Amino acid sequence: MRDVTKDTITEAFLGYFGDDTDPRLREVMGSFSKHLHAFVKETNLTHKEWRKGLEILQRAGEITTPERDEFVLLSDVLGLSSLVDMVNSSEKGTSSSVLGPFHISNAPKMEMGSDLRGKYEGELILVEGRVTDVDDNPIAGATLDVWQTAPNGLYSSQDPEQDTYSFHALFTTGDDGSYRFTTVRPVCYTVPSDGPVGDILNATGRHPWRPSHLHYIIKAEGFKSLVTEVFPEDDPYLDQDTVFGVRSDLVMRYEPQAAGTFPAKGFDLSGKVDGTYSRVDFDLILTREPAAG
Ligand code: BEZ
Ligand code: FE
């Protein structure tokens with residue numbers, strides 16, 4: 001098309017697609033261009049602002065490494081990651097939440113009842129629950145990939161003082177679908193804010209804090225994988241998570257337990273805990289994978 005105008009540029013863009021363009025790609029790119037062009041027209045975007053946007057992407061590229069993905073972080077603080085989660089989330093079952101950049105593959109397999117604290121001290125929590133389908137039937141053989149920060153608010157990949165797999169573990173449920181482990185209470189922490197994403201947060205008067213949480217990925221044959229988190233109900237950042245990950249069904253009470261009540265069996269720490277601790281009950285409800293075909 002010649003003499004493209006601001007009223008015809010979107011149509012011109014769509015008209016350039018080849019006839020054999022994948023239909024889904026056509027739909028996604030078509031919608032993307034419509035919204036992007038509308039955004040420029042609605043805001044009367046200046047050259048300086050456009051350059052600034054490109055500069056942010058360029059800087060994100062420059063500091064992205066296998067350990068730190070600034071593009072994912074950008075998507076997180078813009079609410080894009082959470083929105084993609086929400087539009088793909090099942091109505092039934094436990095809500096999904098952001099994956100974040102600190103998951104590590106191949107976490108060590110651990111027995112139920114293991115203690116994740118390693119060399120770290122902090123408030124002891126006992127985490128347990130059941131993995132079930134939406135009809136409350138237990139799911140056996142489900143894997144739970146669990147990770148969290150150390151008490152200093154850092155994930156192992158951010159902290160040279162920690163072993164690679166510190167506070168990362170993989171559990172497999174037995175016939176009753178239950179899981180259990182002990183760990184330290186995670187703390188609220190800030191997402192990395194020393195790059196272009198931090199500049200966006202600063203410029204818009206936002207803080208970089210996330211409420212404390214434990215991360216989970218649950219996988220089971222025949223069910224949709226679930227990426228989620230559990231948050232304590234008394235965290236000060238629950239209503240202002242900088243990456244928009246909090247859902248009501250993921251907020252649990254960390255129930256304080258009296259000294260001397262730690263279970264006598266079933267945990268690495270059984271027989272070793274005299275003092276107080278807190279109990280977190282977090283059940284995980286999976287939905288079935290749609291039938292193929
Ligand atoms: C996290 O929870 O690990 C996380 C999520 C989004 C951005 C940064 C960290
Ligand atoms: Fe996290």
# chains A, B, ... in the order shown; residues from 1 in each chain; ligands from 1
$ select_by_dssp --residues "stretch 29-271 of chain A" --states "alpha helix (DSSP H)" --output "ChimeraX atom specification"
/A:29-43,47-63,70-77,80-87,196-203
$ residues_around --residues "stretch 20-35 of chain A" --least-positions-apart "4" --cutoff "9 Å" --atoms "only C-alpha atoms" --output "list in words"
Thr10, Glu11, Phe13, Leu14, Phe39 and Val40 of chain A
$ write_last_selection --atoms "all heavy atoms" --output "compact mmCIF listing (two decimals), in the first residue's frame"
# COMPACT_ATOMS: atom_id res chain seq x y z
N THR A 10 -2.69 0.20 10.03
CA THR A 10 -2.96 -1.13 10.62
C THR A 10 -3.46 -2.08 9.54
O THR A 10 -3.01 -3.22 9.43
CB THR A 10 -4.00 -0.99 11.76
OG1 THR A 10 -3.54 0.03 12.65
CG2 THR A 10 -4.14 -2.29 12.52
N GLU A 11 -4.35 -1.57 8.72
CA GLU A 11 -4.89 -2.37 7.61
C GLU A 11 -3.76 -2.76 6.65
O GLU A 11 -3.69 -3.90 6.17
CB GLU A 11 -5.93 -1.50 6.90
CG GLU A 11 -6.74 -2.16 5.84
CD GLU A 11 -7.48 -1.07 5.03
OE1 GLU A 11 -7.75 0.03 5.57
OE2 GLU A 11 -7.75 -1.34 3.85
N PHE A 13 -0.59 -3.09 7.39
CA PHE A 13 0.23 -4.09 8.07
C PHE A 13 -0.40 -5.48 7.92
O PHE A 13 0.26 -6.45 7.56
CB PHE A 13 0.38 -3.72 9.55
CG PHE A 13 1.11 -4.73 10.37
CD1 PHE A 13 2.50 -4.79 10.36
CD2 PHE A 13 0.42 -5.65 11.15
CE1 PHE A 13 3.18 -5.74 11.12
CE2 PHE A 13 1.08 -6.60 11.91
CZ PHE A 13 2.47 -6.64 11.89
N LEU A 14 -1.71 -5.54 8.18
CA LEU A 14 -2.41 -6.83 8.10
C LEU A 14 -2.41 -7.37 6.67
O LEU A 14 -2.31 -8.57 6.44
CB LEU A 14 -3.85 -6.70 8.61
CG LEU A 14 -3.99 -6.27 10.08
CD1 LEU A 14 -5.44 -6.07 10.46
CD2 LEU A 14 -3.34 -7.29 11.01
N PHE A 39 -2.34 2.47 20.61
CA PHE A 39 -1.62 3.06 21.75
C PHE A 39 -0.83 4.30 21.31
O PHE A 39 -0.87 5.36 21.97
CB PHE A 39 -0.70 1.97 22.35
CG PHE A 39 0.53 2.44 23.04
CD1 PHE A 39 0.45 3.07 24.29
CD2 PHE A 39 1.79 2.25 22.47
CE1 PHE A 39 1.60 3.50 24.94
CE2 PHE A 39 2.94 2.68 23.11
CZ PHE A 39 2.84 3.32 24.35
N VAL A 40 -0.16 4.21 20.17
CA VAL A 40 0.62 5.36 19.68
C VAL A 40 -0.32 6.54 19.36
O VAL A 40 -0.04 7.69 19.72
CB VAL A 40 1.45 4.97 18.43
CG1 VAL A 40 2.12 6.19 17.81
CG2 VAL A 40 2.48 3.92 18.79
$ residues_near_ligand --ligand "ligand 2" --cutoff "9 Å" --atoms "only C-alpha atoms and all ligand atoms" --output "list in words"
Val98, Leu99, Gly100, Pro101, Phe102, His103, Trp147, Gln148, Thr149, Tyr155, Cys188, Tyr189, Val191, Arg210, Pro211, Ser212, His213, Leu214, His215 and Glu229 of chain A
$ write_last_selection --atoms "N, CA, C and O atoms" --output "compact mmCIF listing (two decimals), in the first residue's frame"
# COMPACT_ATOMS: atom_id res chain seq x y z
N VAL A 98 2.49 -16.51 39.33
CA VAL A 98 3.72 -16.33 38.53
C VAL A 98 4.83 -17.33 38.86
O VAL A 98 5.00 -17.70 40.01
N LEU A 99 5.54 -17.72 37.83
CA LEU A 99 6.68 -18.63 37.99
C LEU A 99 7.89 -17.88 38.55
O LEU A 99 8.60 -18.40 39.42
N GLY A 100 8.11 -16.68 38.06
CA GLY A 100 9.29 -15.93 38.48
C GLY A 100 10.55 -16.51 37.86
O GLY A 100 10.51 -17.57 37.25
N PRO A 101 11.67 -15.80 38.00
CA PRO A 101 12.89 -16.21 37.30
C PRO A 101 13.82 -17.12 38.10
O PRO A 101 14.88 -17.46 37.63
N PHE A 102 13.41 -17.55 39.30
CA PHE A 102 14.39 -18.22 40.17
C PHE A 102 14.19 -19.72 40.32
O PHE A 102 14.81 -20.35 41.17
N HIS A 103 13.31 -20.28 39.49
CA HIS A 103 13.16 -21.74 39.54
C HIS A 103 14.38 -22.39 38.90
O HIS A 103 14.92 -21.89 37.92
N TRP A 147 10.26 -24.31 45.83
CA TRP A 147 11.44 -23.47 46.06
C TRP A 147 11.06 -22.18 46.77
O TRP A 147 9.91 -21.75 46.76
N GLN A 148 12.04 -21.58 47.42
CA GLN A 148 11.79 -20.37 48.21
C GLN A 148 13.12 -19.64 48.44
O GLN A 148 14.19 -20.16 48.12
N THR A 149 13.01 -18.45 49.05
CA THR A 149 14.22 -17.71 49.43
C THR A 149 14.76 -18.23 50.75
O THR A 149 14.03 -18.78 51.57
N TYR A 155 17.24 -15.96 46.61
CA TYR A 155 17.19 -17.32 46.07
C TYR A 155 18.63 -17.79 45.85
O TYR A 155 19.55 -16.97 45.70
N CYS A 188 9.39 -11.62 52.97
CA CYS A 188 9.08 -10.80 51.80
C CYS A 188 10.41 -10.26 51.24
O CYS A 188 11.38 -10.12 51.98
N TYR A 189 10.45 -10.01 49.97
CA TYR A 189 11.71 -9.58 49.36
C TYR A 189 11.44 -8.68 48.16
O TYR A 189 10.30 -8.60 47.68
N VAL A 191 12.04 -7.64 44.16
CA VAL A 191 12.50 -8.16 42.87
C VAL A 191 13.70 -7.32 42.46
O VAL A 191 13.86 -6.19 42.94
N ARG A 210 7.66 -8.05 46.96
CA ARG A 210 6.70 -9.16 46.84
C ARG A 210 6.40 -9.67 48.25
O ARG A 210 7.31 -9.76 49.09
N PRO A 211 5.14 -10.07 48.53
CA PRO A 211 4.88 -10.72 49.81
C PRO A 211 5.63 -12.05 49.87
O PRO A 211 5.92 -12.64 48.83
N SER A 212 5.94 -12.50 51.07
CA SER A 212 6.68 -13.77 51.19
C SER A 212 5.82 -14.92 50.65
O SER A 212 4.59 -14.87 50.70
N HIS A 213 6.49 -15.93 50.15
CA HIS A 213 5.75 -17.04 49.54
C HIS A 213 6.65 -18.25 49.36
O HIS A 213 7.87 -18.14 49.35
N LEU A 214 5.98 -19.39 49.20
CA LEU A 214 6.65 -20.62 48.76
C LEU A 214 6.16 -20.88 47.35
O LEU A 214 4.95 -20.76 47.08
N HIS A 215 7.07 -21.22 46.46
CA HIS A 215 6.69 -21.53 45.08
C HIS A 215 6.46 -23.04 44.91
O HIS A 215 7.19 -23.84 45.51
N GLU A 229 1.82 -20.48 44.12
CA GLU A 229 2.56 -20.01 45.30
C GLU A 229 1.60 -20.03 46.48
O GLU A 229 0.39 -19.94 46.28
$ residues_around --residues "A:Ser156" --least-positions-apart "6" --cutoff "7 Å" --atoms "only C-alpha atoms" --output "PyMOL selection string"
chain A and resi 162-166
$ write_last_selection --atoms "C-alpha atoms" --output "PDB file, in the first residue's frame"
ATOM      1  CA  GLN A 162      24.056 -20.726  49.113  1.00  0.00           C
ATOM      2  CA  ASP A 163      24.475 -24.130  47.474  1.00  0.00           C
ATOM      3  CA  THR A 164      22.875 -24.408  44.030  1.00  0.00           C
ATOM      4  CA  TYR A 165      19.863 -26.334  45.307  1.00  0.00           C
ATOM      5  CA  SER A 166      19.462 -24.683  48.679  1.00  0.00           C
TER       6      SER A 166
END
$ residues_around --residues "A:Ser89" --least-positions-apart "6" --cutoff "10 Å" --atoms "only C-alpha atoms" --output "list in words"
Leu83, Ser95, Ser96, Ser97, Lys224, Leu226 and Thr287 of chain A
$ write_last_selection --atoms "N, CA and C atoms" --output "mmCIF file, in the first residue's frame"
data_model
loop_
_atom_site.group_PDB
_atom_site.id
_atom_site.type_symbol
_atom_site.label_atom_id
_atom_site.label_comp_id
_atom_site.auth_asym_id
_atom_site.auth_seq_id
_atom_site.Cartn_x
_atom_site.Cartn_y
_atom_site.Cartn_z
ATOM 1 N N LEU A 83 -1.497 -11.755 33.781
ATOM 2 C CA LEU A 83 -2.671 -11.758 32.901
ATOM 3 C C LEU A 83 -2.677 -12.999 32.009
ATOM 4 N N SER A 95 -5.734 -21.783 42.032
ATOM 5 C CA SER A 95 -5.283 -20.722 41.110
ATOM 6 C C SER A 95 -3.807 -20.886 40.789
ATOM 7 N N SER A 96 -3.455 -20.471 39.593
ATOM 8 C CA SER A 96 -2.029 -20.439 39.266
ATOM 9 C C SER A 96 -1.476 -19.068 39.630
ATOM 10 N N SER A 97 -0.166 -18.980 39.677
ATOM 11 C CA SER A 97 0.477 -17.695 39.969
ATOM 12 C C SER A 97 1.829 -17.656 39.266
ATOM 13 N N LYS A 224 -3.425 -30.956 34.161
ATOM 14 C CA LYS A 224 -2.684 -29.759 33.738
ATOM 15 C C LYS A 224 -1.650 -29.418 34.796
ATOM 16 N N LEU A 226 0.460 -27.250 37.253
ATOM 17 C CA LEU A 226 0.058 -26.047 37.989
ATOM 18 C C LEU A 226 1.300 -25.339 38.541
ATOM 19 N N THR A 287 -6.667 -29.745 37.743
ATOM 20 C CA THR A 287 -7.744 -30.014 36.784
ATOM 21 C C THR A 287 -7.199 -30.932 35.686
#
$ residues_around --residues "A:Thr261" --least-positions-apart "3" --cutoff "9 Å" --atoms "only C-alpha atoms" --output "JSON, numbers by chain"
{"A": [257, 258, 264, 273, 274, 275, 276, 277]}
$ atom_distance --atom1 "atom CA of A:Ser81" --atom2 "atom CA of A:Leu238"
17.6 Å
$ atom_distance --atom1 "atom CA of A:Gly174" --atom2 "atom CA of A:Glu221"
13.7 Å
$ residues_around --residues "A:Val146" --least-positions-apart "5" --cutoff "10 Å" --atoms "only C-alpha atoms" --output "CSV table (one decimal) with all heavy atoms, in the first residue's frame"
chain,number,residue,atom,x,y,z
A,103,HIS,N,13.3,-20.3,39.5
A,103,HIS,CA,13.2,-21.7,39.5
A,103,HIS,C,14.4,-22.4,38.9
A,103,HIS,O,14.9,-21.9,37.9
A,103,HIS,CB,11.9,-22.2,38.8
A,103,HIS,CG,11.8,-23.6,38.6
A,103,HIS,ND1,12.0,-24.3,37.4
A,103,HIS,CD2,11.5,-24.6,39.5
A,103,HIS,CE1,11.8,-25.6,37.6
A,103,HIS,NE2,11.5,-25.8,38.9
A,104,ILE,N,14.8,-23.5,39.5
A,104,ILE,CA,16.0,-24.2,38.9
A,104,ILE,C,15.5,-25.7,38.6
A,104,ILE,O,14.9,-26.3,39.4
A,104,ILE,CB,17.2,-24.4,39.9
A,104,ILE,CG1,17.5,-23.0,40.5
A,104,ILE,CG2,18.4,-25.0,39.2
A,104,ILE,CD1,18.7,-23.1,41.4
A,107,ALA,N,15.8,-30.1,40.6
A,107,ALA,CA,16.0,-30.0,42.1
A,107,ALA,C,16.2,-31.4,42.7
A,107,ALA,O,15.7,-32.4,42.1
A,107,ALA,CB,14.8,-29.3,42.7
A,116,LEU,N,14.1,-28.7,54.7
A,116,LEU,CA,14.8,-27.9,53.7
A,116,LEU,C,15.7,-26.9,54.2
A,116,LEU,O,16.4,-26.1,53.5
A,116,LEU,CB,13.7,-27.2,52.8
A,116,LEU,CG,13.1,-27.9,51.6
A,116,LEU,CD1,12.5,-29.2,52.0
A,116,LEU,CD2,12.1,-27.0,50.9
A,167,PHE,N,17.1,-24.7,49.4
A,167,PHE,CA,15.7,-24.3,49.4
A,167,PHE,C,15.0,-24.7,48.1
A,167,PHE,O,14.1,-24.0,47.7
A,167,PHE,CB,15.5,-22.9,49.8
A,167,PHE,CG,15.8,-22.6,51.2
A,167,PHE,CD1,17.0,-21.9,51.6
A,167,PHE,CD2,15.0,-23.1,52.2
A,167,PHE,CE1,17.3,-21.6,52.9
A,167,PHE,CE2,15.4,-22.9,53.6
A,167,PHE,CZ,16.5,-22.1,53.9
A,168,HIS,N,15.5,-25.7,47.4
A,168,HIS,CA,14.8,-26.3,46.3
A,168,HIS,C,14.6,-27.8,46.6
A,168,HIS,O,15.5,-28.4,47.0
A,168,HIS,CB,15.6,-26.2,45.0
A,168,HIS,CG,15.7,-24.7,44.5
A,168,HIS,ND1,16.5,-23.8,45.1
A,168,HIS,CD2,15.1,-24.1,43.4
A,168,HIS,CE1,16.4,-22.7,44.4
A,168,HIS,NE2,15.6,-22.8,43.4
A,169,ALA,N,13.4,-28.3,46.3
A,169,ALA,CA,13.2,-29.8,46.5
A,169,ALA,C,12.1,-30.3,45.6
A,169,ALA,O,11.2,-29.6,45.2
A,169,ALA,CB,12.8,-30.0,48.0
A,170,LEU,N,12.2,-31.6,45.4
A,170,LEU,CA,11.2,-32.3,44.5
A,170,LEU,C,10.6,-33.4,45.4
A,170,LEU,O,11.4,-34.3,45.8
A,170,LEU,CB,11.9,-32.9,43.3
A,170,LEU,CG,11.2,-33.1,42.1
A,170,LEU,CD1,10.5,-31.9,41.5
A,170,LEU,CD2,12.2,-33.7,41.0
A,171,PHE,N,9.3,-33.4,45.5
A,171,PHE,CA,8.6,-34.5,46.3
A,171,PHE,C,7.6,-35.2,45.3
A,171,PHE,O,7.1,-34.6,44.4
A,171,PHE,CB,7.8,-33.9,47.4
A,171,PHE,CG,8.6,-33.2,48.4
A,171,PHE,CD1,8.7,-31.8,48.4
A,171,PHE,CD2,9.3,-33.8,49.4
A,171,PHE,CE1,9.5,-31.1,49.3
A,171,PHE,CE2,10.1,-33.2,50.3
A,171,PHE,CZ,10.2,-31.8,50.3
A,214,LEU,N,6.0,-19.4,49.2
A,214,LEU,CA,6.6,-20.6,48.8
A,214,LEU,C,6.2,-20.9,47.3
A,214,LEU,O,5.0,-20.8,47.1
A,214,LEU,CB,6.2,-21.8,49.6
A,214,LEU,CG,6.6,-21.8,51.1
A,214,LEU,CD1,5.8,-22.8,51.8
A,214,LEU,CD2,8.1,-22.2,51.2
A,215,HIS,N,7.1,-21.2,46.5
A,215,HIS,CA,6.7,-21.5,45.1
A,215,HIS,C,6.5,-23.0,44.9
A,215,HIS,O,7.2,-23.8,45.5
A,215,HIS,CB,7.8,-21.2,44.1
A,215,HIS,CG,8.1,-19.7,43.9
A,215,HIS,ND1,7.4,-19.0,43.0
A,215,HIS,CD2,8.9,-18.9,44.4
A,215,HIS,CE1,7.8,-17.8,43.0
A,215,HIS,NE2,8.8,-17.6,43.9
A,216,TYR,N,5.5,-23.4,44.0
A,216,TYR,CA,5.2,-24.8,43.7
A,216,TYR,C,5.0,-24.9,42.2
A,216,TYR,O,4.4,-24.1,41.6
A,216,TYR,CB,3.9,-25.3,44.3
A,216,TYR,CG,3.8,-25.4,45.8
A,216,TYR,CD1,3.8,-24.4,46.6
A,216,TYR,CD2,3.7,-26.7,46.3
A,216,TYR,CE1,3.6,-24.5,48.0
A,216,TYR,CE2,3.5,-26.9,47.7
A,216,TYR,CZ,3.5,-25.8,48.5
A,216,TYR,OH,3.4,-26.0,49.9
A,217,ILE,N,5.6,-26.0,41.7
A,217,ILE,CA,5.1,-26.5,40.4
A,217,ILE,C,4.6,-28.0,40.6
A,217,ILE,O,5.4,-28.8,41.1
A,217,ILE,CB,6.2,-26.6,39.3
A,217,ILE,CG1,6.8,-25.2,39.0
A,217,ILE,CG2,5.6,-27.1,38.0
A,217,ILE,CD1,7.9,-25.1,38.1
A,218,ILE,N,3.4,-28.2,40.3
A,218,ILE,CA,2.8,-29.6,40.5
A,218,ILE,C,2.5,-30.2,39.2
A,218,ILE,O,1.8,-29.6,38.3
A,218,ILE,CB,1.6,-29.6,41.4
A,218,ILE,CG1,1.9,-28.8,42.7
A,218,ILE,CG2,1.1,-31.0,41.8
A,218,ILE,CD1,1.4,-27.4,42.7
A,228,THR,N,2.2,-22.4,41.0
A,228,THR,CA,1.5,-21.5,42.0
A,228,THR,C,2.4,-21.1,43.1
A,228,THR,O,3.6,-21.4,43.2
A,228,THR,CB,0.2,-22.2,42.4
A,228,THR,OG1,-0.6,-21.3,43.1
A,228,THR,CG2,0.5,-23.5,43.3
A,229,GLU,N,1.8,-20.5,44.1
A,229,GLU,CA,2.6,-20.0,45.3
A,229,GLU,C,1.6,-20.0,46.5
A,229,GLU,O,0.4,-19.9,46.3
A,229,GLU,CB,3.0,-18.6,45.1
A,229,GLU,CG,3.8,-18.3,43.9
A,229,GLU,CD,4.0,-16.8,43.7
A,229,GLU,OE1,5.0,-16.3,44.2
A,229,GLU,OE2,3.2,-16.1,43.0
$ atom_distance --atom1 "atom CA of A:Gly93" --atom2 "atom 2 (O, counted along the ligand's line) of ligand 1"
20.8 Å
$ residues_around --residues "A:Arg206" --least-positions-apart "5" --cutoff "10 Å" --atoms "only C-alpha atoms" --output "list in words"
Val77, Gly198, Asp199, Ile200, Leu201, Gln240 and Thr242 of chain A
$ closest_residue --among "A:Lys6, A:Asp175, A:Asp76, A:Ser114" --to "A:Glu42" --atoms "only C-alpha atoms"
A:Lys6
$ closest_residue --among "A:Ala60, A:Val251, A:Ala291, A:Val197" --to "ligand 1" --atoms "only C-alpha atoms and all ligand atoms"
A:Val197
$ closest_residue --among "A:Phe282, A:Arg185, A:Lys219, A:Glu161" --to "A:Asp145" --atoms "only C-alpha atoms"
A:Lys219
